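As provided, input-v1.tsv (TSV, C-alpha atoms) reads as follows.
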```tsv
chain	number	residue	atom	x	y	z
A	22	MET	CA	-93.22	102.16	-76.96
A	23	GLN	CA	-92.90	98.94	-78.90
A	24	GLN	CA	-93.05	100.94	-82.12
A	25	LEU	CA	-90.23	103.21	-80.95
A	26	LYS	CA	-88.16	100.20	-79.85
A	27	ASN	CA	-88.51	98.60	-83.28
A	28	HIS	CA	-87.52	101.88	-84.95
A	29	GLY	CA	-84.38	102.02	-82.81
A	30	THR	CA	-83.48	98.44	-83.67
A	31	MET	CA	-83.86	99.11	-87.39
A	32	HIS	CA	-81.69	102.20	-87.09
A	33	THR	CA	-78.97	100.16	-85.38
A	34	LEU	CA	-79.10	97.44	-88.03
A	35	PHE	CA	-78.93	100.02	-90.83
A	36	ALA	CA	-75.91	101.68	-89.24
A	37	ALA	CA	-74.14	98.33	-88.89
A	38	LEU	CA	-74.89	97.47	-92.53
A	39	LEU	CA	-73.62	100.84	-93.70
A	40	ALA	CA	-70.39	100.40	-91.71
A	41	SER	CA	-69.88	96.95	-93.26
A	42	LEU	CA	-70.35	98.36	-96.76
A	43	VAL	CA	-67.84	101.14	-96.09
A	44	ALA	CA	-65.30	98.62	-94.77
A	45	LEU	CA	-65.82	96.38	-97.81
A	46	ALA	CA	-65.33	99.33	-100.15
A	47	ALA	CA	-62.08	100.21	-98.37
A	48	LEU	CA	-60.80	96.66	-98.76
A	49	ILE	CA	-61.64	96.65	-102.45
A	50	THR	CA	-59.89	99.99	-102.94
A	51	ALA	CA	-56.80	98.86	-101.03
A	52	ALA	CA	-56.49	95.52	-102.81
A	53	PRO	CA	-53.94	95.55	-105.64
A	54	ALA	CA	-55.55	95.64	-109.04
A	55	SER	CA	-54.98	92.49	-111.02
A	56	HIS	CA	-53.62	92.91	-114.54
A	57	ALA	CA	-55.83	91.28	-117.13
A	58	ASP	CA	-53.95	89.03	-119.53
A	59	THR	CA	-53.40	90.64	-122.94
A	60	THR	CA	-53.39	88.60	-126.14
A	61	ILE	CA	-51.33	89.91	-129.06
A	62	CYS	CA	-51.60	88.56	-132.61
A	63	GLU	CA	-50.10	91.48	-134.55
A	64	GLN	CA	-46.83	90.51	-136.24
A	65	PHE	CA	-44.68	92.88	-134.19
A	66	GLY	CA	-47.25	93.77	-131.53
A	67	SER	CA	-46.11	94.38	-127.96
A	68	THR	CA	-47.25	95.42	-124.49
A	69	THR	CA	-45.62	96.15	-121.14
A	70	ILE	CA	-45.70	94.10	-117.95
A	71	GLN	CA	-44.75	94.96	-114.36
A	72	GLY	CA	-44.33	98.54	-115.56
A	73	ARG	CA	-40.75	97.85	-116.66
A	74	TYR	CA	-40.53	95.09	-119.32
A	75	VAL	CA	-41.79	94.75	-122.88
A	76	VAL	CA	-43.44	91.57	-124.17
A	77	GLN	CA	-43.29	91.28	-127.97
A	78	ASN	CA	-44.80	88.86	-130.49
A	79	ASN	CA	-41.93	89.35	-132.97
A	80	ARG	CA	-43.19	86.99	-135.71
A	81	TRP	CA	-40.53	87.73	-138.32
A	82	GLY	CA	-39.89	84.41	-140.10
A	83	THR	CA	-43.36	83.28	-141.22
A	84	ASP	CA	-46.71	84.55	-142.48
A	85	ALA	CA	-48.62	82.03	-140.37
A	86	THR	CA	-50.60	83.25	-137.37
A	87	GLN	CA	-48.89	83.53	-134.02
A	88	CYS	CA	-50.54	84.89	-130.88
A	89	ILE	CA	-49.03	85.38	-127.45
A	90	THR	CA	-50.70	86.17	-124.14
A	91	ALA	CA	-48.87	88.56	-121.82
A	92	THR	CA	-49.34	87.79	-118.12
A	93	ASP	CA	-48.38	89.65	-114.96
A	94	SER	CA	-45.04	87.84	-114.81
A	95	GLY	CA	-44.24	86.82	-118.40
A	96	PHE	CA	-46.07	85.42	-121.42
A	97	ARG	CA	-47.20	82.22	-123.11
A	98	ILE	CA	-47.62	81.31	-126.77
A	99	ALA	CA	-51.36	80.97	-127.33
A	100	GLN	CA	-51.27	80.05	-131.03
A	101	ALA	CA	-48.35	79.06	-133.26
A	102	ASP	CA	-49.50	78.00	-136.71
A	103	GLY	CA	-47.30	76.61	-139.47
A	104	SER	CA	-43.75	75.34	-139.50
A	105	VAL	CA	-40.44	76.10	-141.19
A	106	PRO	CA	-37.49	73.81	-142.07
A	107	THR	CA	-35.34	73.06	-139.03
A	108	ASN	CA	-32.14	73.59	-141.02
A	109	GLY	CA	-32.94	77.28	-141.46
A	110	ALA	CA	-34.10	80.25	-139.41
A	111	PRO	CA	-36.95	79.92	-136.87
A	112	LYS	CA	-40.47	81.28	-137.28
A	113	SER	CA	-40.19	84.00	-134.68
A	114	TYR	CA	-38.81	85.12	-131.34
A	115	PRO	CA	-41.68	85.89	-128.95
A	116	SER	CA	-39.94	87.33	-125.93
A	117	VAL	CA	-39.82	89.66	-122.94
A	118	PHE	CA	-37.05	92.21	-122.64
A	119	ASN	CA	-35.32	94.99	-120.75
A	120	GLY	CA	-33.76	97.65	-122.98
A	121	CYS	CA	-34.40	98.82	-126.51
A	122	HIS	CA	-35.37	96.82	-129.59
A	123	TYR	CA	-36.10	98.56	-132.90
A	124	THR	CA	-36.90	101.87	-131.10
A	125	ASN	CA	-39.21	100.07	-128.63
A	126	CYS	CA	-37.67	100.72	-125.19
A	127	SER	CA	-38.89	99.24	-121.93
A	128	PRO	CA	-40.16	101.77	-119.34
A	129	GLY	CA	-37.44	103.23	-117.11
A	130	THR	CA	-34.59	101.20	-118.66
A	131	ASN	CA	-31.00	102.44	-118.29
A	132	LEU	CA	-30.00	100.69	-121.51
A	133	PRO	CA	-28.11	101.21	-123.75
A	134	ALA	CA	-25.20	101.27	-121.30
A	135	ARG	CA	-21.47	101.19	-121.99
A	136	LEU	CA	-20.00	97.80	-121.06
A	137	GLY	CA	-17.15	99.33	-119.07
A	138	SER	CA	-19.68	101.17	-116.87
A	139	ILE	CA	-21.70	98.08	-115.92
A	140	ALA	CA	-20.93	96.56	-112.53
A	141	SER	CA	-23.36	93.67	-112.96
A	142	ALA	CA	-26.47	92.75	-114.93
A	143	PRO	CA	-28.40	90.18	-112.86
A	144	THR	CA	-31.29	88.37	-114.48
A	145	SER	CA	-33.60	85.47	-113.69
A	146	ILE	CA	-35.91	83.30	-115.79
A	147	SER	CA	-38.41	80.48	-115.35
A	148	TYR	CA	-39.70	78.51	-118.34
A	149	SER	CA	-42.60	76.14	-118.91
A	150	TYR	CA	-42.08	73.64	-121.74
A	151	VAL	CA	-44.47	71.53	-123.83
A	152	SER	CA	-44.20	68.44	-126.01
A	153	GLY	CA	-44.95	68.22	-129.71
A	154	ALA	CA	-42.87	71.25	-130.70
A	155	GLN	CA	-39.39	71.94	-132.09
A	156	TYR	CA	-37.79	75.05	-130.62
A	157	ASP	CA	-35.13	76.60	-128.46
A	158	ALA	CA	-35.66	78.53	-125.22
A	159	ALA	CA	-33.05	81.24	-125.18
A	160	TYR	CA	-31.77	84.58	-124.00
A	161	ASP	CA	-30.86	87.07	-126.71
A	162	ILE	CA	-28.32	89.69	-125.61
A	163	TRP	CA	-27.41	92.51	-128.00
A	164	LEU	CA	-24.15	94.51	-128.16
A	165	ASP	CA	-23.16	97.39	-130.43
A	166	PRO	CA	-20.31	99.90	-130.80
A	167	THR	CA	-22.88	102.72	-130.50
A	168	PRO	CA	-25.79	103.31	-128.06
A	169	ARG	CA	-28.30	102.62	-130.80
A	170	THR	CA	-31.93	101.90	-130.05
A	171	ASP	CA	-32.96	100.94	-133.58
A	172	GLY	CA	-32.03	98.34	-136.18
A	173	VAL	CA	-29.65	95.40	-135.96
A	174	ASN	CA	-26.77	95.47	-133.49
A	175	ARG	CA	-23.26	94.26	-134.32
A	176	THR	CA	-23.04	91.25	-131.97
A	177	GLU	CA	-25.72	88.89	-130.69
A	178	ILE	CA	-25.14	86.57	-127.73
A	179	MET	CA	-27.62	83.70	-127.43
A	180	ILE	CA	-27.90	81.47	-124.36
A	181	TRP	CA	-29.90	78.32	-125.16
A	182	LEU	CA	-31.34	76.92	-121.94
A	183	ASN	CA	-33.24	74.23	-123.87
A	184	ARG	CA	-33.55	72.92	-127.40
A	185	VAL	CA	-35.94	70.32	-128.78
A	186	GLY	CA	-35.60	68.76	-132.24
A	187	PRO	CA	-32.82	68.93	-134.83
A	188	VAL	CA	-32.29	72.68	-134.44
A	189	GLN	CA	-28.94	74.37	-133.96
A	190	PRO	CA	-27.47	77.86	-133.55
A	191	VAL	CA	-25.99	80.03	-136.30
A	192	GLY	CA	-22.50	79.03	-137.41
A	193	SER	CA	-20.57	76.02	-136.20
A	194	LEU	CA	-19.60	74.32	-132.95
A	195	THR	CA	-16.22	75.67	-131.82
A	196	GLY	CA	-15.78	73.90	-128.49
A	197	SER	CA	-17.04	74.04	-124.93
A	198	SER	CA	-16.66	76.42	-122.00
A	199	THR	CA	-17.71	76.90	-118.41
A	200	VAL	CA	-19.51	80.22	-117.91
A	201	ALA	CA	-21.43	81.39	-114.84
A	202	GLY	CA	-20.80	78.04	-113.19
A	203	ARG	CA	-22.30	75.90	-115.98
A	204	SER	CA	-20.88	73.96	-118.92
A	205	TRP	CA	-21.89	75.00	-122.45
A	206	GLN	CA	-21.35	74.07	-126.06
A	207	VAL	CA	-20.05	77.17	-127.83
A	208	TRP	CA	-21.15	78.05	-131.37
A	209	SER	CA	-19.92	80.98	-133.44
A	210	GLY	CA	-20.96	82.40	-136.80
A	211	ASN	CA	-22.58	85.23	-138.73
A	212	ASN	CA	-26.15	85.31	-140.03
A	213	GLY	CA	-25.42	87.84	-142.77
A	214	THR	CA	-26.26	90.90	-140.68
A	215	ASN	CA	-24.47	90.39	-137.35
A	216	ASP	CA	-22.05	88.13	-135.51
A	217	VAL	CA	-23.66	85.46	-133.33
A	218	LEU	CA	-22.06	83.79	-130.30
A	219	SER	CA	-24.21	81.02	-128.83
A	220	PHE	CA	-23.95	79.00	-125.63
A	221	VAL	CA	-26.00	75.79	-125.61
A	222	ALA	CA	-26.83	73.90	-122.42
A	223	PRO	CA	-26.26	70.12	-122.66
A	224	SER	CA	-29.63	69.49	-120.95
A	225	ALA	CA	-32.77	71.51	-120.32
A	226	ILE	CA	-32.71	74.27	-117.70
A	227	ASP	CA	-36.15	75.17	-116.30
A	228	SER	CA	-35.09	78.21	-114.27
A	229	TRP	CA	-31.87	80.08	-113.58
A	230	ASN	CA	-30.36	83.23	-112.03
A	231	PHE	CA	-27.11	84.60	-113.49
A	232	ASP	CA	-25.11	87.70	-114.43
A	233	VAL	CA	-25.37	88.67	-118.11
A	234	MET	CA	-21.88	90.21	-117.90
A	235	ASP	CA	-20.32	86.76	-117.50
A	236	PHE	CA	-21.36	86.05	-121.10
A	237	VAL	CA	-20.55	89.56	-122.32
A	238	ARG	CA	-16.97	89.05	-121.11
A	239	GLN	CA	-16.81	85.90	-123.23
A	240	ALA	CA	-17.74	87.93	-126.31
A	241	VAL	CA	-15.07	90.51	-125.49
A	242	ALA	CA	-12.44	87.81	-124.97
A	243	ARG	CA	-13.23	86.41	-128.43
A	244	GLY	CA	-12.90	89.80	-130.11
A	245	LEU	CA	-16.65	90.10	-130.80
A	246	ALA	CA	-17.06	93.20	-128.60
A	247	GLN	CA	-15.00	95.78	-126.72
A	248	GLY	CA	-15.31	97.45	-123.35
A	249	ASN	CA	-16.39	100.73	-124.92
A	250	TRP	CA	-19.31	99.05	-126.73
A	251	TYR	CA	-22.88	99.12	-125.43
A	252	LEU	CA	-25.33	96.61	-124.04
A	253	THR	CA	-28.64	97.54	-125.68
A	254	SER	CA	-31.10	94.85	-124.55
A	255	VAL	CA	-31.52	91.66	-122.52
A	256	GLN	CA	-34.26	89.46	-124.00
A	257	ALA	CA	-35.64	86.01	-123.14
A	258	GLY	CA	-38.13	83.85	-125.00
A	259	PHE	CA	-38.49	81.10	-127.60
A	260	GLU	CA	-37.47	80.44	-131.19
A	261	PRO	CA	-40.05	77.95	-132.53
A	262	TRP	CA	-39.60	76.07	-135.81
A	263	GLN	CA	-42.63	73.79	-135.51
A	264	ASN	CA	-45.70	74.38	-133.35
A	265	GLY	CA	-44.97	75.94	-129.94
A	266	ALA	CA	-48.39	76.69	-128.47
A	267	GLY	CA	-48.23	76.47	-124.68
A	268	LEU	CA	-44.57	77.40	-124.29
A	269	ALA	CA	-44.30	80.04	-121.58
A	270	VAL	CA	-41.96	82.34	-119.72
A	271	THR	CA	-43.51	82.15	-116.26
A	272	SER	CA	-41.24	84.74	-114.66
A	273	PHE	CA	-38.53	87.17	-115.78
A	274	SER	CA	-36.39	89.85	-114.21
A	275	SER	CA	-33.51	91.94	-115.50
A	276	ALA	CA	-31.49	94.78	-114.00
A	277	VAL	CA	-28.33	96.63	-115.00
A	278	ASN	CA	-26.21	97.99	-112.15
A	279	LEU	CA	-23.89	100.81	-113.19
A	280	GLY	CA	-20.72	101.96	-111.45
A	281	GLY	CA	-18.49	100.09	-109.00
A	282	GLY	CA	-21.09	98.12	-107.06
A	283	THR	CA	-20.91	94.46	-106.18
A	284	GLY	CA	-20.29	92.22	-109.12
A	285	GLY	CA	-17.03	93.67	-110.34
A	286	GLY	CA	-17.49	96.89	-112.27
A	287	THR	CA	-14.80	99.52	-112.61
A	288	GLY	CA	-16.66	102.60	-113.79
A	289	GLY	CA	-15.95	104.64	-116.88
A	290	SER	CA	-12.28	105.44	-116.26
A	291	SER	CA	-11.01	101.86	-116.14
A	292	ALA	CA	-8.01	100.80	-118.22
A	293	CYS	CA	-5.62	97.87	-118.02
A	294	LYS	CA	-2.43	96.30	-119.28
A	295	VAL	CA	-1.57	92.59	-119.33
A	296	ALA	CA	1.86	90.98	-119.37
A	297	TYR	CA	1.74	87.30	-120.39
A	298	GLY	CA	5.04	85.55	-119.80
A	299	THR	CA	5.52	81.88	-120.69
A	300	ASN	CA	7.97	79.03	-120.25
A	301	VAL	CA	7.38	76.44	-122.98
A	302	TRP	CA	8.67	72.92	-123.52
A	303	GLN	CA	7.57	70.08	-125.76
A	304	GLY	CA	3.90	69.45	-124.99
A	305	GLY	CA	3.76	71.66	-121.89
A	306	PHE	CA	4.03	75.23	-120.64
A	307	THR	CA	3.58	77.60	-117.73
A	308	ALA	CA	2.13	81.09	-117.99
A	309	GLU	CA	2.67	83.98	-115.57
A	310	VAL	CA	0.07	86.71	-116.02
A	311	THR	CA	0.39	90.21	-114.56
A	312	VAL	CA	-2.59	92.55	-114.74
A	313	THR	CA	-1.98	96.27	-114.21
A	314	ASN	CA	-4.77	98.73	-113.48
A	315	THR	CA	-3.77	101.83	-115.47
A	316	GLY	CA	-7.03	103.62	-114.68
A	317	SER	CA	-7.94	106.08	-111.94
A	318	SER	CA	-10.44	103.86	-110.10
A	319	PRO	CA	-9.96	100.58	-108.22
A	320	VAL	CA	-11.00	97.40	-110.02
A	321	ASP	CA	-13.03	95.39	-107.52
A	322	ALA	CA	-13.81	91.68	-107.95
A	323	TRP	CA	-11.63	91.65	-111.05
A	324	LYS	CA	-12.20	89.15	-113.84
A	325	LEU	CA	-9.74	88.75	-116.70
A	326	ALA	CA	-11.19	87.11	-119.82
A	327	PHE	CA	-9.13	85.55	-122.61
A	328	THR	CA	-9.25	82.61	-124.99
A	329	LEU	CA	-6.61	79.88	-124.98
A	330	PRO	CA	-5.57	78.85	-128.50
A	331	ALA	CA	-6.83	75.51	-129.80
A	332	GLY	CA	-5.04	72.49	-128.32
A	333	GLN	CA	-4.12	74.17	-125.02
A	334	ARG	CA	-5.48	72.92	-121.71
A	335	VAL	CA	-4.86	74.14	-118.15
A	336	THR	CA	-3.86	71.46	-115.65
A	337	SER	CA	-3.32	73.63	-112.54
A	338	ALA	CA	-3.43	77.29	-111.50
A	339	TRP	CA	-2.34	79.53	-108.63
A	340	SER	CA	-3.37	82.92	-107.20
A	341	ALA	CA	-6.60	82.95	-109.26
A	342	GLN	CA	-9.72	80.93	-109.93
A	343	LEU	CA	-10.15	79.88	-113.58
A	344	SER	CA	-13.60	79.25	-115.04
A	345	SER	CA	-12.46	76.75	-117.66
A	346	SER	CA	-9.47	74.60	-118.56
A	347	SER	CA	-9.66	75.31	-122.32
A	348	GLY	CA	-11.18	77.69	-124.83
A	349	ALA	CA	-12.65	80.87	-123.33
A	350	VAL	CA	-11.31	81.36	-119.80
A	351	THR	CA	-12.20	83.88	-117.11
A	352	ALA	CA	-9.68	84.28	-114.28
A	353	GLY	CA	-10.92	85.84	-111.05
A	354	GLY	CA	-9.12	87.00	-107.93
A	355	MET	CA	-8.91	85.18	-104.63
A	356	ALA	CA	-10.05	86.66	-101.30
A	357	TYR	CA	-6.62	88.19	-100.71
A	358	ASN	CA	-6.17	89.76	-104.19
A	359	ALA	CA	-9.73	90.53	-105.30
A	360	SER	CA	-9.11	94.27	-105.87
A	361	ILE	CA	-6.57	96.11	-107.99
A	362	ALA	CA	-5.79	99.65	-106.83
A	363	PRO	CA	-5.20	102.44	-109.38
A	364	GLY	CA	-1.68	101.93	-110.67
A	365	GLY	CA	-1.50	98.57	-108.90
A	366	GLN	CA	-1.22	95.07	-110.27
A	367	VAL	CA	-1.97	91.43	-109.49
A	368	SER	CA	-0.25	88.32	-110.78
A	369	PHE	CA	-1.40	84.75	-111.21
A	370	GLY	CA	-0.24	81.75	-113.15
A	371	PHE	CA	-1.11	78.34	-114.49
A	372	GLN	CA	0.44	75.24	-116.01
A	373	GLY	CA	-0.89	73.42	-119.03
A	374	THR	CA	-0.41	71.17	-122.01
A	375	TYR	CA	-0.65	71.88	-125.73
A	376	ASP	CA	-0.78	70.18	-129.11
A	377	GLY	CA	0.78	71.51	-132.30
A	378	ALA	CA	2.42	74.93	-132.40
A	379	PHE	CA	2.34	77.00	-129.22
A	380	ALA	CA	0.72	80.46	-129.26
A	381	LYS	CA	-0.37	83.08	-126.74
A	382	PRO	CA	-3.95	84.40	-126.34
A	383	ALA	CA	-4.75	87.12	-128.84
A	384	ALA	CA	-6.67	89.49	-126.54
A	385	PHE	CA	-7.52	90.19	-122.91
A	386	SER	CA	-10.35	92.08	-121.22
A	387	LEU	CA	-10.68	93.14	-117.59
A	388	ASN	CA	-14.29	93.31	-116.32
A	389	GLY	CA	-15.47	93.86	-119.88
A	390	THR	CA	-12.80	96.43	-120.84
A	391	SER	CA	-10.20	95.54	-123.46
A	392	CYS	CA	-6.59	95.59	-122.19
A	393	THR	CA	-3.35	96.37	-123.95
A	394	SER	CA	-0.70	93.65	-123.98
A	395	ALA	CA	2.79	94.36	-122.70
```
Structure encoded using structure tokens:
Amino acid sequence: MQQLKNHGTMHTLFAALLASLVALAALITAAPASHADTTICEQFGSTTIQGRYVVQNNRWGTDATQCITATDSGFRIAQADGSVPTNGAPKSYPSVFNGCHYTNCSPGTNLPARLGSIASAPTSISYSYVSGAQYDAAYDIWLDPTPRTDGVNRTEIMIWLNRVGPVQPVGSLTGSSTVAGRSWQVWSGNNGTNDVLSFVAPSAIDSWNFDVMDFVRQAVARGLAQGNWYLTSVQAGFEPWQNGAGLAVTSFSSAVNLGGGTGGGTGGSSACKVAYGTNVWQGGFTAEVTVTNTGSSPVDAWKLAFTLPAGQRVTSAWSAQLSSSSGAVTAGGMAYNASIAPGGQVSFGFQGTYDGAFAKPAAFSLNGTSCTSA
């Protein structure tokens, strides 16, 4: 009887052990698989992360070794040999992107997309910086008249969230502007292959959420793009001149919302006309602006972008919120006039001062679509 009792006890223990092993196996199966970090040293090597973004090494300006390590949420520069003069082009642009870059398209992207069809393009970024390097940390946003997925696009928008050392954007400093709620130095130029419009933060930004279309509208207002052009990619990374190992994008997200959703899109049929009436006296003026929606769809959360000529400065405004008092300006509706019905119009105005000869803005765009001037 004792022998039978022991046999029964062993059977019970074995059953309990087997049940524990089955439960452990189920937990292991159910647990999300961790993505092993991937190191890339090939000059233009790339990989995908989160199943929707591309991380690229993009070492185009030097023959020295550069390696990056792609993580679940971004990447870091693992090795960055050599240096190049800070008064020229950088060594590289290791980055993560949504969209298409030299035929390399991120999984499931809806880019290229026509600017006039984009309601909003929200993005977020977090950076980790290091000492002992000279670099910028920047977004690179590409626009082109065609939905191309290869080669160099016509216009490049750079947003410098940080710069260390005597480095500067392409072209020259043209002024300052407030875009997406922040103040920026504005640089403009051409690098021999494409136009470059750069926005430089006065101090380092570690992380930020914003709408890419706020900056696209600035390019349209300056005549560097049109509403029927295409957004082809949204990229974020670093341009190192000297060193750079340890720099990291710790998180990145990018989406492009098409149609008339929140954020102020108008869809593909949008069109507009702007009447810009002025009353001018020595050193001062008022402007009355009427925006007409000549399209077949309502324009929700409208934003009118234009550039005030040099020497002009806004001192007060009514019936609209203005993003800046000089240079590139974006006017947006108030709660009571935030939508323009098909065939409808809204009016707003402002008062300002000027130096030299008075002139009117050269071009206007409504939510990224170029307008005719009455």
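Our summary of the geometry notes that atom CA of Val295 of chain A is positioned 12.2 Å from atom CA of Ala308 of chain A.
The spacing separating atom CA of Leu136 of chain A from atom CA of Arg169 of chain A amounts to 13.7 Å.
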(request) Could you tell me which of A:Tyr156, A:Thr167, A:Asn215, A:Gln256 comes closest to Ile180 of chain A if we count all atoms listed in the file? (result) A:Gln256
(message) Using only C-alpha atoms, can you tell me which of A:Gly196, A:Ser368, A:Asp216, A:Trp205 comes closest to Leu329 of chain A?
(response)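 The answer is A:Gly196, which sits nearest to Leu329 of chain A.
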(request) Give the answer as one residue: which of A:Ala292, A:Ala85, A:Ala158, A:Ala338 has the shortest atom-to-atom distance to Ser394 of chain A, using only C-alpha atoms? (result)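 Among A:Ala292, A:Ala85, A:Ala158, A:Ala338, it is A:Ala292 that comes nearest to Ser394 of chain A.
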(message) One number please: atom CA of Thr336 of chain A to atom CA of Ala378 of chain A, in Å, one decimal.
(response)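 So the answer is 18.2 Å.
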(request) Just the residues within 7 Å of segment 125-134 of chain A, please, counting all atoms listed in the file, with nothing from its chain fewer than 2 positions along; format it as a list of chain:residue names. (result)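 After dropping sequence-adjacent residues, the list is A:Gly72, A:Arg73, A:Tyr74, A:Val75, A:Asn119, A:Gly120, A:Cys121, A:His122, A:Tyr123, A:Leu136, A:Pro168, A:Tyr251, A:Leu252, A:Thr253, A:Ser254.
By only C-alpha atoms, and with residues fewer than 2 positions from segment 92-96 of chain A along its chain excluded, the set lying at most 8 Å from it is His56, Ala57, Asp58, Thr59, Ile70, Gln71, Val76, Ile89, Thr90, Ile98, Ser116, Val117, Ala269, Val270, Thr271, Ser272 and Phe273 of chain A.
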(request) Find the spatial neighbours of Gly103 of chain A, counting only C-alpha atoms, within a cut-off of 12 Å - ignore same-chain residues fewer than 5 positions away - and output them as a list in words. (result)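 In the requested form, the answer reads Arg80, Gly82, Thr83, Asp84, Ala85, Thr86, Gln87, Pro111, Lys112, Ser113, Ala154, Gln155, Pro261, Trp262, Gln263, Asn264, Gly265 and Ala266 of chain A.
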(message) Under the rule that only C-alpha atoms are counted, which of A:Gly353, A:Gly389, A:Pro190, A:Pro106 is the nearest residue to Ala322 of chain A?
(response)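 Using only C-alpha atoms, the shortest distance to Ala322 of chain A belongs to A:Gly353.
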(message) Show me, as a PyMOL selection string, the residues that have an atom within 10 Å of Ala240 of chain A when counting only C-alpha atoms, minus same-chain residues fewer than 2 positions from it.
(response) chain A and resi 164+176-178+217-219+234-238+242-247+326-327+349+386+389
(request) Could you check which of A:Leu268, A:Ile146, A:Val185, A:Ala359 is closest to Ala99 of chain A, using all atoms listed in the file? (result)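 Ranked by minimum distance to Ala99 of chain A, first place goes to A:Leu268.
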(message) Need to verify the contact set: Thr311 of chain A, 7 Å, all atoms listed in the file, exclusion of same-chain residues closer than 5 positions in sequence. Can you return it as a PyMOL selection string?
(response) chain A and resi 295-297+366-369
(request) Have a look at A:Gly373, A:Pro382, A:Gly210, A:Gly172 and name the one nearest to Trp302 of chain A; count all atoms listed in the file. (result)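 Residue with the minimum atom-to-atom distance to Trp302 of chain A: A:Gly373.
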